[in-house]
$ cat target32.pdb   # PDB, C-alpha atoms
ATOM      1  CA  MET A   1     -62.478  11.320  28.337  1.00  0.00           C
ATOM      2  CA  PRO A   2     -62.501  14.226  30.851  1.00  0.00           C
ATOM      3  CA  LYS A   3     -65.650  13.123  32.682  1.00  0.00           C
ATOM      4  CA  PRO A   4     -66.055   9.353  32.355  1.00  0.00           C
ATOM      5  CA  THR A   5     -69.287   7.688  33.362  1.00  0.00           C
ATOM      6  CA  PHE A   6     -68.924   4.765  35.737  1.00  0.00           C
ATOM      7  CA  THR A   7     -71.268   1.921  36.482  1.00  0.00           C
ATOM      8  CA  CYS A   8     -71.359  -0.500  39.386  1.00  0.00           C
ATOM      9  CA  PRO A   9     -68.531  -3.058  39.294  1.00  0.00           C
ATOM     10  CA  ASP A  10     -69.648  -6.299  37.688  1.00  0.00           C
ATOM     11  CA  LEU A  11     -67.343  -9.334  37.795  1.00  0.00           C
ATOM     12  CA  ASN A  12     -69.480 -11.146  35.214  1.00  0.00           C
ATOM     13  CA  SER A  13     -68.948  -8.392  32.646  1.00  0.00           C
ATOM     14  CA  PHE A  14     -65.291  -7.862  33.531  1.00  0.00           C
ATOM     15  CA  CYS A  15     -64.512 -11.552  33.015  1.00  0.00           C
ATOM     16  CA  LEU A  16     -66.703 -11.703  29.867  1.00  0.00           C
ATOM     17  CA  LEU A  17     -68.888 -14.370  31.431  1.00  0.00           C
ATOM     18  CA  ASP A  18     -72.240 -12.751  30.713  1.00  0.00           C
ATOM     19  CA  ALA A  19     -71.694 -13.395  26.991  1.00  0.00           C
ATOM     20  CA  LEU A  20     -71.166 -17.074  27.837  1.00  0.00           C
ATOM     21  CA  GLY A  21     -74.420 -17.344  29.743  1.00  0.00           C
ATOM     22  CA  LEU A  22     -72.623 -17.703  33.076  1.00  0.00           C
ATOM     23  CA  ARG A  23     -72.578 -15.845  36.384  1.00  0.00           C
ATOM     24  CA  VAL A  24     -69.891 -15.974  39.046  1.00  0.00           C
ATOM     25  CA  THR A  25     -70.819 -17.433  42.420  1.00  0.00           C
ATOM     26  CA  GLY A  26     -67.366 -17.683  43.985  1.00  0.00           C
ATOM     27  CA  GLN A  27     -63.659 -17.136  43.437  1.00  0.00           C
ATOM     28  CA  GLN A  28     -60.366 -18.607  44.568  1.00  0.00           C
ATOM     29  CA  ILE A  29     -57.352 -16.431  43.774  1.00  0.00           C
ATOM     30  CA  ARG A  30     -53.988 -18.149  44.101  1.00  0.00           C
ATOM     31  CA  ARG A  31     -50.525 -16.893  43.364  1.00  0.00           C
ATOM     32  CA  ASP A  32     -50.294 -18.856  40.111  1.00  0.00           C
ATOM     33  CA  GLN A  33     -53.943 -19.500  39.245  1.00  0.00           C
ATOM     34  CA  ALA A  34     -57.453 -18.106  39.542  1.00  0.00           C
ATOM     35  CA  ILE A  35     -60.569 -20.275  39.814  1.00  0.00           C
ATOM     36  CA  LEU A  36     -64.035 -18.843  39.246  1.00  0.00           C
ATOM     37  CA  GLU A  37     -66.991 -20.906  40.357  1.00  0.00           C
ATOM     38  CA  CYS A  38     -69.916 -20.301  38.006  1.00  0.00           C
ATOM     39  CA  ARG A  39     -73.496 -21.303  37.387  1.00  0.00           C
ATOM     40  CA  LEU A  40     -75.566 -20.984  34.250  1.00  0.00           C
ATOM     41  CA  ALA A  41     -77.641 -17.823  34.160  1.00  0.00           C
ATOM     42  CA  GLU A  42     -80.642 -19.599  32.597  1.00  0.00           C
ATOM     43  CA  ASP A  43     -82.443 -22.606  34.004  1.00  0.00           C
ATOM     44  CA  ASP A  44     -83.267 -25.582  31.793  1.00  0.00           C
ATOM     45  CA  PRO A  45     -85.984 -27.497  33.677  1.00  0.00           C
ATOM     46  CA  TRP A  46     -88.200 -28.668  30.805  1.00  0.00           C
ATOM     47  CA  CYS A  47     -87.948 -32.139  29.299  1.00  0.00           C
ATOM     48  CA  ARG A  48     -87.050 -32.182  25.601  1.00  0.00           C
ATOM     49  CA  VAL A  49     -89.080 -35.361  25.012  1.00  0.00           C
ATOM     50  CA  CYS A  50     -92.424 -34.914  26.741  1.00  0.00           C
ATOM     51  CA  GLY A  51     -92.216 -31.266  27.846  1.00  0.00           C
ATOM     52  CA  GLY A  52     -92.686 -32.125  31.513  1.00  0.00           C
ATOM     53  CA  GLN A  53     -90.975 -30.232  34.289  1.00  0.00           C
ATOM     54  CA  GLY A  54     -87.792 -31.753  35.613  1.00  0.00           C
ATOM     55  CA  VAL A  55     -86.802 -32.294  39.214  1.00  0.00           C
ATOM     56  CA  PRO A  56     -83.262 -31.174  40.207  1.00  0.00           C
ATOM     57  CA  ARG A  57     -80.965 -34.159  40.809  1.00  0.00           C
ATOM     58  CA  GLY A  58     -77.764 -32.493  41.936  1.00  0.00           C
ATOM     59  CA  THR A  59     -74.957 -30.856  39.958  1.00  0.00           C
ATOM     60  CA  VAL A  60     -71.797 -31.819  38.119  1.00  0.00           C
ATOM     61  CA  VAL A  61     -68.745 -29.603  37.598  1.00  0.00           C
ATOM     62  CA  ARG A  62     -67.441 -28.834  34.113  1.00  0.00           C
ATOM     63  CA  LYS A  63     -63.953 -27.296  34.177  1.00  0.00           C
ATOM     64  CA  LEU A  64     -63.049 -24.894  31.378  1.00  0.00           C
ATOM     65  CA  ALA A  65     -59.828 -23.001  30.776  1.00  0.00           C
ATOM     66  CA  HIS A  66     -60.714 -19.314  30.387  1.00  0.00           C
ATOM     67  CA  LEU A  67     -58.688 -16.398  29.052  1.00  0.00           C
ATOM     68  CA  PRO A  68     -55.971 -15.371  31.541  1.00  0.00           C
ATOM     69  CA  LEU A  69     -56.798 -12.451  33.828  1.00  0.00           C
ATOM     70  CA  GLY A  70     -53.809 -10.459  35.004  1.00  0.00           C
ATOM     71  CA  TRP A  71     -51.475 -12.977  33.314  1.00  0.00           C
ATOM     72  CA  ARG A  72     -52.773 -15.570  35.730  1.00  0.00           C
ATOM     73  CA  PRO A  73     -54.261 -18.770  34.239  1.00  0.00           C
ATOM     74  CA  THR A  74     -57.993 -18.730  34.941  1.00  0.00           C
ATOM     75  CA  THR A  75     -60.225 -21.782  35.188  1.00  0.00           C
ATOM     76  CA  LEU A  76     -64.019 -21.812  35.252  1.00  0.00           C
ATOM     77  CA  TRP A  77     -65.687 -24.377  37.456  1.00  0.00           C
ATOM     78  CA  VAL A  78     -69.157 -24.443  35.963  1.00  0.00           C
ATOM     79  CA  ARG A  79     -71.703 -26.184  38.178  1.00  0.00           C
ATOM     80  CA  VAL A  80     -74.182 -27.749  35.767  1.00  0.00           C
ATOM     81  CA  ARG A  81     -77.518 -28.806  37.214  1.00  0.00           C
ATOM     82  CA  ARG A  82     -78.943 -32.230  36.395  1.00  0.00           C
ATOM     83  CA  TYR A  83     -82.676 -32.791  36.009  1.00  0.00           C
ATOM     84  CA  ARG A  84     -84.927 -35.828  35.920  1.00  0.00           C
ATOM     85  CA  CYS A  85     -88.328 -35.655  34.273  1.00  0.00           C
ATOM     86  CA  ALA A  86     -91.128 -36.567  36.657  1.00  0.00           C
ATOM     87  CA  ASP A  87     -93.247 -37.944  33.788  1.00  0.00           C
ATOM     88  CA  CYS A  88     -90.940 -39.931  31.475  1.00  0.00           C
ATOM     89  CA  ALA A  89     -87.919 -40.329  33.806  1.00  0.00           C
ATOM     90  CA  ARG A  90     -85.528 -38.828  31.256  1.00  0.00           C
ATOM     91  CA  VAL A  91     -82.352 -37.290  32.717  1.00  0.00           C
ATOM     92  CA  TRP A  92     -80.548 -34.290  31.231  1.00  0.00           C
ATOM     93  CA  ARG A  93     -78.162 -31.479  32.087  1.00  0.00           C
ATOM     94  CA  GLN A  94     -78.300 -27.746  31.578  1.00  0.00           C
ATOM     95  CA  ASP A  95     -77.153 -26.648  28.136  1.00  0.00           C
ATOM     96  CA  THR A  96     -73.591 -25.256  28.243  1.00  0.00           C
ATOM     97  CA  THR A  97     -72.999 -24.780  24.511  1.00  0.00           C
ATOM     98  CA  ALA A  98     -73.009 -20.977  24.905  1.00  0.00           C
ATOM     99  CA  ALA A  99     -69.985 -21.264  27.194  1.00  0.00           C
ATOM    100  CA  ALA A 100     -68.024 -23.913  25.279  1.00  0.00           C
ATOM    101  CA  ALA A 101     -68.351 -26.389  22.454  1.00  0.00           C
ATOM    102  CA  PRO A 102     -69.438 -29.921  23.402  1.00  0.00           C
ATOM    103  CA  ARG A 103     -66.603 -31.855  25.097  1.00  0.00           C
ATOM    104  CA  ALA A 104     -64.315 -28.816  24.747  1.00  0.00           C
ATOM    105  CA  LYS A 105     -61.858 -27.945  27.512  1.00  0.00           C
ATOM    106  CA  LEU A 106     -61.574 -24.254  26.610  1.00  0.00           C
ATOM    107  CA  SER A 107     -64.282 -21.617  26.905  1.00  0.00           C
ATOM    108  CA  ARG A 108     -65.325 -19.897  23.681  1.00  0.00           C
ATOM    109  CA  HIS A 109     -63.532 -16.703  24.755  1.00  0.00           C
ATOM    110  CA  ALA A 110     -60.390 -18.695  25.526  1.00  0.00           C
ATOM    111  CA  VAL A 111     -60.429 -20.196  22.028  1.00  0.00           C
ATOM    112  CA  LEU A 112     -60.740 -16.759  20.398  1.00  0.00           C
ATOM    113  CA  TRP A 113     -58.001 -15.387  22.655  1.00  0.00           C
ATOM    114  CA  ALA A 114     -55.716 -18.276  21.683  1.00  0.00           C
ATOM    115  CA  LEU A 115     -56.436 -17.787  17.966  1.00  0.00           C
ATOM    116  CA  LYS A 116     -55.717 -14.042  18.197  1.00  0.00           C
ATOM    117  CA  SER A 117     -52.520 -14.666  20.153  1.00  0.00           C
ATOM    118  CA  VAL A 118     -51.205 -17.065  17.495  1.00  0.00           C
ATOM    119  CA  VAL A 119     -52.365 -15.257  14.340  1.00  0.00           C
ATOM    120  CA  ILE A 120     -51.982 -11.593  15.329  1.00  0.00           C
ATOM    121  CA  ASP A 121     -49.574 -11.512  18.261  1.00  0.00           C
ATOM    122  CA  ARG A 122     -47.424 -14.345  16.825  1.00  0.00           C
ATOM    123  CA  MET A 123     -47.225 -16.243  20.097  1.00  0.00           C
ATOM    124  CA  SER A 124     -46.286 -19.898  19.993  1.00  0.00           C
ATOM    125  CA  ILE A 125     -48.762 -22.635  20.831  1.00  0.00           C
ATOM    126  CA  ALA A 126     -46.564 -23.582  23.789  1.00  0.00           C
ATOM    127  CA  ARG A 127     -46.719 -20.041  25.203  1.00  0.00           C
ATOM    128  CA  VAL A 128     -50.492 -19.856  24.750  1.00  0.00           C
ATOM    129  CA  ALA A 129     -50.936 -23.260  26.364  1.00  0.00           C
ATOM    130  CA  ALA A 130     -48.866 -22.122  29.363  1.00  0.00           C
ATOM    131  CA  ALA A 131     -51.004 -18.976  29.730  1.00  0.00           C
ATOM    132  CA  LEU A 132     -54.152 -21.117  29.697  1.00  0.00           C
ATOM    133  CA  ALA A 133     -52.680 -23.877  31.887  1.00  0.00           C
ATOM    134  CA  SER A 134     -53.704 -26.384  29.210  1.00  0.00           C
ATOM    135  CA  SER A 135     -51.886 -29.010  27.189  1.00  0.00           C
ATOM    136  CA  TRP A 136     -50.214 -28.197  23.873  1.00  0.00           C
ATOM    137  CA  HIS A 137     -52.497 -30.563  21.937  1.00  0.00           C
ATOM    138  CA  THR A 138     -55.670 -29.129  23.495  1.00  0.00           C
ATOM    139  CA  VAL A 139     -54.752 -25.581  22.481  1.00  0.00           C
ATOM    140  CA  ASN A 140     -53.428 -26.583  19.060  1.00  0.00           C
ATOM    141  CA  ASP A 141     -56.607 -28.497  18.181  1.00  0.00           C
ATOM    142  CA  ALA A 142     -58.788 -25.593  19.341  1.00  0.00           C
ATOM    143  CA  VAL A 143     -56.784 -23.024  17.334  1.00  0.00           C
ATOM    144  CA  LEU A 144     -56.847 -25.156  14.176  1.00  0.00           C
ATOM    145  CA  THR A 145     -60.609 -25.727  14.454  1.00  0.00           C
ATOM    146  CA  ALA A 146     -61.395 -22.060  15.120  1.00  0.00           C
ATOM    147  CA  GLY A 147     -59.011 -20.880  12.407  1.00  0.00           C
ATOM    148  CA  ARG A 148     -60.594 -23.215   9.890  1.00  0.00           C
ATOM    149  CA  GLN A 149     -64.102 -22.032  10.757  1.00  0.00           C
ATOM    150  CA  LEU A 150     -63.407 -18.291  11.013  1.00  0.00           C
ATOM    151  CA  LEU A 151     -60.603 -17.806   8.485  1.00  0.00           C
ATOM    152  CA  ILE A 152     -60.172 -20.632   6.004  1.00  0.00           C
ATOM    153  CA  GLU A 153     -63.880 -21.375   5.481  1.00  0.00           C
ATOM    154  CA  ASP A 154     -64.842 -17.687   5.273  1.00  0.00           C
ATOM    155  CA  PRO A 155     -66.642 -17.416   1.901  1.00  0.00           C
ATOM    156  CA  THR A 156     -65.741 -13.716   1.523  1.00  0.00           C
ATOM    157  CA  ARG A 157     -61.994 -13.920   2.059  1.00  0.00           C
ATOM    158  CA  PHE A 158     -61.208 -13.973  -1.685  1.00  0.00           C
ATOM    159  CA  ASP A 159     -63.592 -11.160  -2.666  1.00  0.00           C
ATOM    160  CA  SER A 160     -61.021  -8.338  -2.783  1.00  0.00           C
ATOM    161  CA  VAL A 161     -58.106 -10.377  -4.135  1.00  0.00           C
ATOM    162  CA  LYS A 162     -56.694  -9.043  -7.418  1.00  0.00           C
ATOM    163  CA  VAL A 163     -52.983  -9.924  -7.243  1.00  0.00           C
ATOM    164  CA  ILE A 164     -51.548 -13.129  -5.788  1.00  0.00           C
ATOM    165  CA  GLY A 165     -48.055 -14.386  -5.119  1.00  0.00           C
ATOM    166  CA  VAL A 166     -46.956 -18.019  -5.113  1.00  0.00           C
ATOM    167  CA  ASP A 167     -43.928 -19.658  -3.538  1.00  0.00           C
ATOM    168  CA  GLU A 168     -42.854 -22.985  -2.095  1.00  0.00           C
ATOM    169  CA  HIS A 169     -41.963 -23.658   1.519  1.00  0.00           C
ATOM    170  CA  CYS A 170     -40.215 -26.615   3.147  1.00  0.00           C
ATOM    171  CA  TRP A 171     -42.229 -27.355   6.262  1.00  0.00           C
ATOM    172  CA  ARG A 172     -40.931 -30.861   7.040  1.00  0.00           C
ATOM    173  CA  HIS A 173     -37.223 -31.554   7.390  1.00  0.00           C
ATOM    174  CA  THR A 174     -37.450 -35.224   8.294  1.00  0.00           C
ATOM    175  CA  GLY A 175     -37.089 -38.128   5.879  1.00  0.00           C
ATOM    176  CA  HIS A 176     -40.749 -39.109   5.904  1.00  0.00           C
ATOM    177  CA  GLY A 177     -43.754 -37.657   4.082  1.00  0.00           C
ATOM    178  CA  SER A 178     -44.089 -34.609   1.860  1.00  0.00           C
ATOM    179  CA  HIS A 179     -41.530 -31.882   2.527  1.00  0.00           C
ATOM    180  CA  TYR A 180     -43.013 -28.964   0.606  1.00  0.00           C
ATOM    181  CA  VAL A 181     -46.181 -26.901   0.436  1.00  0.00           C
ATOM    182  CA  THR A 182     -47.267 -24.309  -2.108  1.00  0.00           C
ATOM    183  CA  VAL A 183     -47.907 -20.980  -0.385  1.00  0.00           C
ATOM    184  CA  VAL A 184     -50.444 -18.573  -1.903  1.00  0.00           C
ATOM    185  CA  ILE A 185     -50.530 -14.986  -0.628  1.00  0.00           C
ATOM    186  CA  ASP A 186     -52.643 -11.936  -1.407  1.00  0.00           C
ATOM    187  CA  LEU A 187     -50.463  -9.107  -2.766  1.00  0.00           C
ATOM    188  CA  THR A 188     -53.363  -6.738  -3.436  1.00  0.00           C
ATOM    189  CA  PRO A 189     -52.746  -4.571  -0.314  1.00  0.00           C
ATOM    190  CA  VAL A 190     -49.018  -4.318  -1.184  1.00  0.00           C
ATOM    191  CA  ARG A 191     -49.705  -3.184  -4.733  1.00  0.00           C
ATOM    192  CA  ALA A 192     -52.326  -0.698  -3.577  1.00  0.00           C
ATOM    193  CA  GLY A 193     -50.130   0.563  -0.756  1.00  0.00           C
ATOM    194  CA  THR A 194     -52.804  -0.117   1.875  1.00  0.00           C
ATOM    195  CA  GLY A 195     -51.092  -2.760   3.980  1.00  0.00           C
ATOM    196  CA  PRO A 196     -48.988  -5.929   4.096  1.00  0.00           C
ATOM    197  CA  ALA A 197     -49.577  -9.156   2.203  1.00  0.00           C
ATOM    198  CA  ARG A 198     -51.791 -11.779   3.799  1.00  0.00           C
ATOM    199  CA  LEU A 199     -51.744 -15.553   3.651  1.00  0.00           C
ATOM    200  CA  LEU A 200     -54.516 -17.124   1.569  1.00  0.00           C
ATOM    201  CA  ASP A 201     -53.695 -20.813   1.562  1.00  0.00           C
ATOM    202  CA  MET A 202     -51.036 -23.515   1.821  1.00  0.00           C
ATOM    203  CA  VAL A 203     -51.415 -26.589  -0.384  1.00  0.00           C
ATOM    204  CA  PRO A 204     -49.405 -29.811  -0.005  1.00  0.00           C
ATOM    205  CA  GLY A 205     -46.898 -30.247  -2.864  1.00  0.00           C
ATOM    206  CA  ARG A 206     -45.036 -27.785  -5.095  1.00  0.00           C
ATOM    207  CA  SER A 207     -45.797 -28.782  -8.682  1.00  0.00           C
ATOM    208  CA  LYS A 208     -47.504 -26.806 -11.418  1.00  0.00           C
ATOM    209  CA  ALA A 209     -50.443 -29.205 -11.203  1.00  0.00           C
ATOM    210  CA  VAL A 210     -50.903 -28.423  -7.501  1.00  0.00           C
ATOM    211  CA  PHE A 211     -51.218 -24.683  -8.159  1.00  0.00           C
ATOM    212  CA  LYS A 212     -53.418 -25.239 -11.231  1.00  0.00           C
ATOM    213  CA  THR A 213     -55.773 -27.420  -9.203  1.00  0.00           C
ATOM    214  CA  TRP A 214     -55.984 -24.736  -6.514  1.00  0.00           C
ATOM    215  CA  LEU A 215     -56.763 -22.038  -9.080  1.00  0.00           C
ATOM    216  CA  GLU A 216     -59.495 -24.108 -10.722  1.00  0.00           C
ATOM    217  CA  ALA A 217     -61.175 -24.566  -7.366  1.00  0.00           C
ATOM    218  CA  GLN A 218     -61.619 -20.800  -6.936  1.00  0.00           C
ATOM    219  CA  SER A 219     -64.372 -18.659  -8.393  1.00  0.00           C
TER     220      SER A 219
END
$ encode --input "target32.pdb" --output "structure tokens"
Amino acid sequence: MPKPTFTCPDLNSFCLLDALGLRVTGQQIRRDQAILECRLAEDDPWCRVCGGQGVPRGTVVRKLAHLPLGWRPTTLWVRVRRYRCADCARVWRQDTTAAAAPRAKLSRHAVLWALKSVVIDRMSIARVAAALASSWHTVNDAVLTAGRQLLIEDPTRFDSVKVIGVDEHCWRHTGHGSHYVTVVIDLTPVRAGTGPARLLDMVPGRSKAVFKTWLEAQS
């Protein structure tokens, strides 16, 4: 672009916080970590029971691992305001579901970044967890949940499949539990010369009945 158009610098947009309903109020940049103090962009002062207006009763901090900025683990310290209804005495907090799932420790952007890093960039869960300064189990659970919702449970992912390949894979080398899974891949792009094969499913077991049951479950 010979003559690019610039706008005013905006930390909220640069850090992808505006899409999470957050705005930055402070920052702490360390050598090995960055902390962004945030508040919710929208107030939530109305009682969900009686509709009365709430009175602010202080704030609590919700810490969320965010996608790394400059290869530095980034944490969001979201100050969530608490309210108390003046009419029915009900207490509630601002809604943070746009920023992260309930009880989640990763922001929604961090979850998508982790899923992309594992599926597309072929990074290990351990490497992603280190980049997010989170535990292995936290990242693994988030990636599995997001992958199931966005990839496995996608109702359109079988629409263009015309040729499939089947093989077995030994995924457990210990003496306990099932050792094999049946791997089903889409060979349609390979046959058409448009791209590589893609994984469709992995089913526990390696018998003919396992594959037949999988086939009967498809449209």
$ resolve_selection --input "target32.pdb" --expression "the PyMOL selection byres ((chain A and resi 48) around 12)" --output "count of residues only"
22
$ resolve_selection --input "target32.pdb" --expression "the PyMOL selection byres ((chain A and resi 102-104) around 12)" --output "CSV table (one decimal) with C-alpha atoms, in the coordinates of the input"
chain,number,residue,atom,x,y,z
A,62,ARG,CA,-67.4,-28.8,34.1
A,63,LYS,CA,-64.0,-27.3,34.2
A,64,LEU,CA,-63.0,-24.9,31.4
A,65,ALA,CA,-59.8,-23.0,30.8
A,66,HIS,CA,-60.7,-19.3,30.4
A,95,ASP,CA,-77.2,-26.6,28.1
A,96,THR,CA,-73.6,-25.3,28.2
A,97,THR,CA,-73.0,-24.8,24.5
A,98,ALA,CA,-73.0,-21.0,24.9
A,99,ALA,CA,-70.0,-21.3,27.2
A,100,ALA,CA,-68.0,-23.9,25.3
A,101,ALA,CA,-68.4,-26.4,22.5
A,105,LYS,CA,-61.9,-27.9,27.5
A,106,LEU,CA,-61.6,-24.3,26.6
A,107,SER,CA,-64.3,-21.6,26.9
A,108,ARG,CA,-65.3,-19.9,23.7
A,110,ALA,CA,-60.4,-18.7,25.5
A,111,VAL,CA,-60.4,-20.2,22.0
A,134,SER,CA,-53.7,-26.4,29.2
A,138,THR,CA,-55.7,-29.1,23.5
A,139,VAL,CA,-54.8,-25.6,22.5
A,141,ASP,CA,-56.6,-28.5,18.2
A,142,ALA,CA,-58.8,-25.6,19.3
A,145,THR,CA,-60.6,-25.7,14.5
$ resolve_selection --input "target32.pdb" --expression "the PyMOL selection byres ((chain A and resi 179-189) around 10)" --output "MDAnalysis selection string"
chainID A and resid 158 160:178 190:208 210:211 214
$ axis_aligned_box --input "target32.pdb" --around "region 71-74 of chain A" --padding-each-side "6 Å" --output "JSON"
{"center_x": -54.7, "center_y": -15.9, "center_z": 34.5, "size_x": 18.5, "size_y": 17.8, "size_z": 14.4}
$ closest_residue --input "target32.pdb" --among "A:Val80, A:Ala34, A:Ile152, A:Ile29" --to "Arg57 (chain A)" --atoms "all atoms listed in the file"
A:Val80
$ closest_residue --input "target32.pdb" --among "A:Leu67, A:Leu151, A:Asp159, A:Thr7" --to "Leu112 (chain A)" --atoms "all atoms listed in the file"
A:Leu67
$ atom_distance --input "target32.pdb" --atom1 "CA of Ile125 (chain A)" --atom2 "CA of Asn140 (chain A)"
6.4 Å
$ closest_residue --input "target32.pdb" --among "A:Ser219, A:Ala133, A:Arg122, A:Trp113" --to "Pro155 (chain A)" --atoms "only C-alpha atoms"
A:Ser219
$ residues_around --input "target32.pdb" --residues "region 24-28 of chain A" --least-positions-apart "5" --cutoff "10 Å" --atoms "only C-alpha atoms" --output "PyMOL selection string"
chain A and resi 10-13+15+17-18+33-41+74-79
$ closest_residue --input "target32.pdb" --among "A:Arg148, A:Arg72, A:His109, A:Lys3" --to "Leu16 (chain A)" --atoms "all atoms listed in the file"
A:His109
$ atom_distance --input "target32.pdb" --atom1 "CA of Phe14 (chain A)" --atom2 "CA of Ala114 (chain A)"
18.5 Å
$ atom_distance --input "target32.pdb" --atom1 "CA of Ala146 (chain A)" --atom2 "CA of Gly70 (chain A)"
24.2 Å
